[in-house]
Amino acid sequence: MTTNKKQRLVSLDLLRGLTVAMMILVNNGYGESFSQLRHVEWNGMTVCDLVFPFFLFMVGVSTYLSLRKTQFKPTPYVLRKIFKRTVLLFLIGLGINWFDHAIGGDVLCFGHLRIWAVLQRIALCYLAASLFAIYANHKYTIPTIVGLLVVYILIITLGNGYAFDAEANILAQVDLRLFGYDHLYHKSPVDPEGLVSTIPAIAHTLIGFLCGKLVCSKVSPKEKVRNIFIFGLLLTIAGFALSLWLPLNKRIWSPSFVLATCGLAMLLLALIMKIEQWSPSSMNKGVWVVLLVFGMNPLFLYVLSEFMAIIFGHFGISTIIFDSIHSVVSAPKWASLCYALTFVLLNWLVGYVLYRKKIFIKI
C-alpha cells in the first residue's frame, strides 16, 4: 500500500514537473517562435494553450490529496492554511506585475497595475476548490462542475462571450466596469484571467479534484490507470464535440476548452502512471529527474522564472544571450527555441540544487 502511494505521488510530480517546464518554455521565447509555442489569438488551441490548464488541473488534484490528510475537516488550522495560501498566491501574482513596472522606475504604478494574472487565478480557484472540499458533500462534485459550466455557457451565449470586441463582449465589459481599463490585460479583447471566466476555471479545478479522488481510490493500480484513462478519454471527446458549438478558446476559458484540456491532462497522467507501473525503478533516472526537479518545487520555480525574465529583459541579458545563440543558429524560430530551452535550463539548475538538498519550497 505504501508503494502504491509513492507511485501515485511520483506520477503526479512528473506531470506537474512537465507542466512547469513547459510553462517556462512557452513564456520565454525570444522574438519569433514556432506557432505551437504561442497562444492562439482567439479560437483554437496549440500546445502552448495546454500548459496553464494542465497546471490548474494539477492544483485540483493536489487540493484533494492535501485536504484528504485532514479528512476534509474545516478546522481552524485548515482554514488558516487555505486562506493564508490564497492570499500569498494572490499577493505574489500582484508582486510580479508590480515588479515589471518598478524595475523600470515606475515604483508607484498602482494606478495602472494589472490585477489579474496566472497566480491570481490559481489563488481564486484553489480557494473555491478547497472550500468546496471541506464544506460540500463530494457526491455533488460532478453536478457542481456541470452547474458551473452551464451557468457560464448561458453567460457567454447571451452576452456575446465569443465576440472579438471588448465593447460587445460581456466578459470584457464586467472587468472594465469593475476594475477599469488600466488594471487589465491589453493584448486581447478580454483579460484571459478575468473575473467572469474564473467560473469555468473553478469547474476546471474541480475536475482535477475529482481526478485526485480517482488517484486515491482503493482499487488495483491497473484498474486505477484504466479508470483515469477512460474518464480522460470521455472528457476529451466531449470537449472536442462541444467545440463544434462552442469553439475552444483559452482567452475566455470556454467550456469546451475546460473539458478537452482536463481530458488530455488525465490521459497524460494515465500514461505516466502506466509507464511507472512497467518500470518503477526508472522514474528516478534520466529525463524523469529533469521533470521531478520542476515537479518538487513547481510554484517556486515558476515564480523565479517570472522574476528572472523581467530582470533579463530590463538589463538586456536576454538580448545578449539570444544574439549569441542567433550567431550560431541562424533560423529565428530555432534560435528562439534554443533561447527558451536555455532559460528553462537556468531555472532547472536552481531547482536541481534544491532537489539534491531536499529543499521543497511550498507556496
# chains A, B, ... in the order shown; residues from 1 in each chain; ligands from 1
$ residues_around --residues "A:Leu345" --least-positions-apart "3" --cutoff "12 Å" --atoms "only C-alpha atoms" --output "MDAnalysis selection string"
chainID A and resid 21:22 24:25 28 290:291 293:294 301 305 338:342 348:352
$ write_last_selection --atoms "C-alpha atoms" --output "mmCIF file, in the first residue's frame"
data_model
loop_
_atom_site.group_PDB
_atom_site.id
_atom_site.type_symbol
_atom_site.label_atom_id
_atom_site.label_comp_id
_atom_site.auth_asym_id
_atom_site.auth_seq_id
_atom_site.Cartn_x
_atom_site.Cartn_y
_atom_site.Cartn_z
ATOM 1 C CA ALA A 21 8.916 23.180 -17.545
ATOM 2 C CA MET A 22 6.563 23.837 -20.472
ATOM 3 C CA ILE A 24 8.650 28.393 -18.523
ATOM 4 C CA LEU A 25 9.492 27.313 -22.075
ATOM 5 C CA ASN A 28 10.252 32.758 -22.634
ATOM 6 C CA VAL A 290 14.594 16.632 -15.110
ATOM 7 C CA LEU A 291 10.837 16.632 -14.632
ATOM 8 C CA VAL A 293 13.173 18.741 -10.259
ATOM 9 C CA PHE A 294 10.443 21.022 -11.588
ATOM 10 C CA LEU A 301 10.397 27.768 -9.951
ATOM 11 C CA SER A 305 11.244 32.275 -13.868
ATOM 12 C CA CYS A 338 17.190 27.469 -28.131
ATOM 13 C CA TYR A 339 16.930 30.636 -26.045
ATOM 14 C CA ALA A 340 13.783 29.332 -24.315
ATOM 15 C CA LEU A 341 15.493 25.993 -23.608
ATOM 16 C CA THR A 342 18.493 27.851 -22.179
ATOM 17 C CA TRP A 348 16.307 23.820 -13.694
ATOM 18 C CA LEU A 349 19.811 24.279 -12.284
ATOM 19 C CA VAL A 350 18.378 26.252 -9.370
ATOM 20 C CA GLY A 351 15.718 23.592 -8.899
ATOM 21 C CA TYR A 352 18.303 20.813 -9.082
#
$ residues_around --residues "A:Met296" --least-positions-apart "3" --cutoff "7 Å" --atoms "only C-alpha atoms" --output "tab-separated table (two decimals) with N, CA and C atoms, in the first residue's frame"
chain	number	residue	atom	x	y	z
A	13	ASP	N	4.00	14.26	-9.51
A	13	ASP	CA	5.13	15.19	-9.55
A	13	ASP	C	5.72	15.27	-10.95
A	292	LEU	N	11.17	15.73	-12.39
A	292	LEU	CA	10.98	15.71	-10.94
A	292	LEU	C	11.51	16.98	-10.29
A	293	VAL	N	12.61	17.51	-10.81
A	293	VAL	CA	13.17	18.74	-10.26
A	293	VAL	C	12.15	19.87	-10.32
A	360	PHE	N	12.21	21.77	-0.34
A	360	PHE	CA	10.97	21.89	-1.09
A	360	PHE	C	10.20	23.10	-0.57
$ select_by_dssp --residues "stretch 172-240 of chain A" --states "alpha helix (DSSP H)" --output "number ranges by chain"
A: 172-179, 198-215, 221-240
$ closest_residue --among "A:Cys109, A:Leu267, A:Ile199, A:Leu65" --to "A:Ile230" --atoms "only C-alpha atoms"
A:Leu267
$ residues_around --residues "stretch 240-242 of chain A" --least-positions-apart "6" --cutoff "8 Å" --atoms "only C-alpha atoms" --output "list of chain:residue names"
A:Leu248, A:Pro255, A:Ser256, A:Ala260
$ write_last_selection --atoms "N, CA and C atoms" --output "short mmCIF file (atom, residue, chain, number, x, y, z; two decimals), in the first residue's frame"
data_model
loop_
_atom_site.label_atom_id
_atom_site.label_comp_id
_atom_site.auth_asym_id
_atom_site.auth_seq_id
_atom_site.Cartn_x
_atom_site.Cartn_y
_atom_site.Cartn_z
N LEU A 248 -13.09 25.96 -28.96
CA LEU A 248 -12.01 26.00 -27.98
C LEU A 248 -11.45 27.42 -27.93
N PRO A 255 -16.09 26.43 -22.13
CA PRO A 255 -16.42 25.11 -21.57
C PRO A 255 -15.80 23.96 -22.36
N SER A 256 -15.75 24.08 -23.68
CA SER A 256 -15.11 23.05 -24.49
C SER A 256 -13.62 22.96 -24.17
N ALA A 260 -11.80 19.54 -22.82
CA ALA A 260 -10.75 18.97 -23.66
C ALA A 260 -9.40 18.96 -22.95
#
$ residues_around --residues "A:Pro221" --least-positions-apart "4" --cutoff "9 Å" --atoms "only C-alpha atoms" --output "PyMOL selection string"
chain A and resi 4+225-226+273-274+277
$ atom_distance --atom1 "atom CA of A:Gly161" --atom2 "atom CA of A:Ser254"
9.0 Å
$ atom_distance --atom1 "atom CA of A:Lys139" --atom2 "atom CA of A:Leu206"
12.2 Å
$ residues_around --residues "A:Ala172" --least-positions-apart "5" --cutoff "12 Å" --atoms "only C-alpha atoms" --output "PyMOL selection string"
chain A and resi 156+159-167+177-181+184-186+188-197+251-252
$ closest_residue --among "A:Ile145, A:Leu304, A:Cys125, A:Ile155" --to "A:Leu210" --atoms "only C-alpha atoms"
A:Ile145
$ closest_residue --among "A:Ile359, A:Val78, A:Cys262, A:Val303" --to "A:Leu119" --atoms "only C-alpha atoms"
A:Val303
$ residues_around --residues "stretch 56-61 of chain A" --least-positions-apart "6" --cutoff "7 Å" --atoms "only C-alpha atoms" --output "list in words"
Arg16, Ile122, Tyr126, Ala129, His204, Thr205, Leu206, Ile207, Gly208, Phe209, Cys211, Gly212 and Cys262 of chain A
$ atom_distance --atom1 "atom CA of A:Gly104" --atom2 "atom CA of A:His314"
7.3 Å
$ residues_around --residues "A:Leu148" --least-positions-apart "5" --cutoff "9 Å" --atoms "only C-alpha atoms" --output "PDB file with C-alpha atoms, in the first residue's frame"
ATOM      1  CA  PRO A 143     -23.246  18.250 -10.503  1.00  0.00           C
ATOM      2  CA  ILE A 153     -22.494  28.763 -21.203  1.00  0.00           C
ATOM      3  CA  ILE A 199     -16.233  30.456 -13.178  1.00  0.00           C
ATOM      4  CA  PRO A 200     -15.224  27.745 -15.699  1.00  0.00           C
ATOM      5  CA  ILE A 202     -13.153  26.729 -10.899  1.00  0.00           C
ATOM      6  CA  ALA A 203     -15.024  23.912 -12.664  1.00  0.00           C
TER       7      ALA A 203
END
$ closest_residue --among "A:Ile96, A:Tyr30, A:Leu15, A:Ser62" --to "A:Ile321" --atoms "only C-alpha atoms"
A:Tyr30
$ closest_residue --among "A:Leu124, A:Leu108, A:Ile237, A:Val40" --to "A:Leu259" --atoms "only C-alpha atoms"
A:Ile237
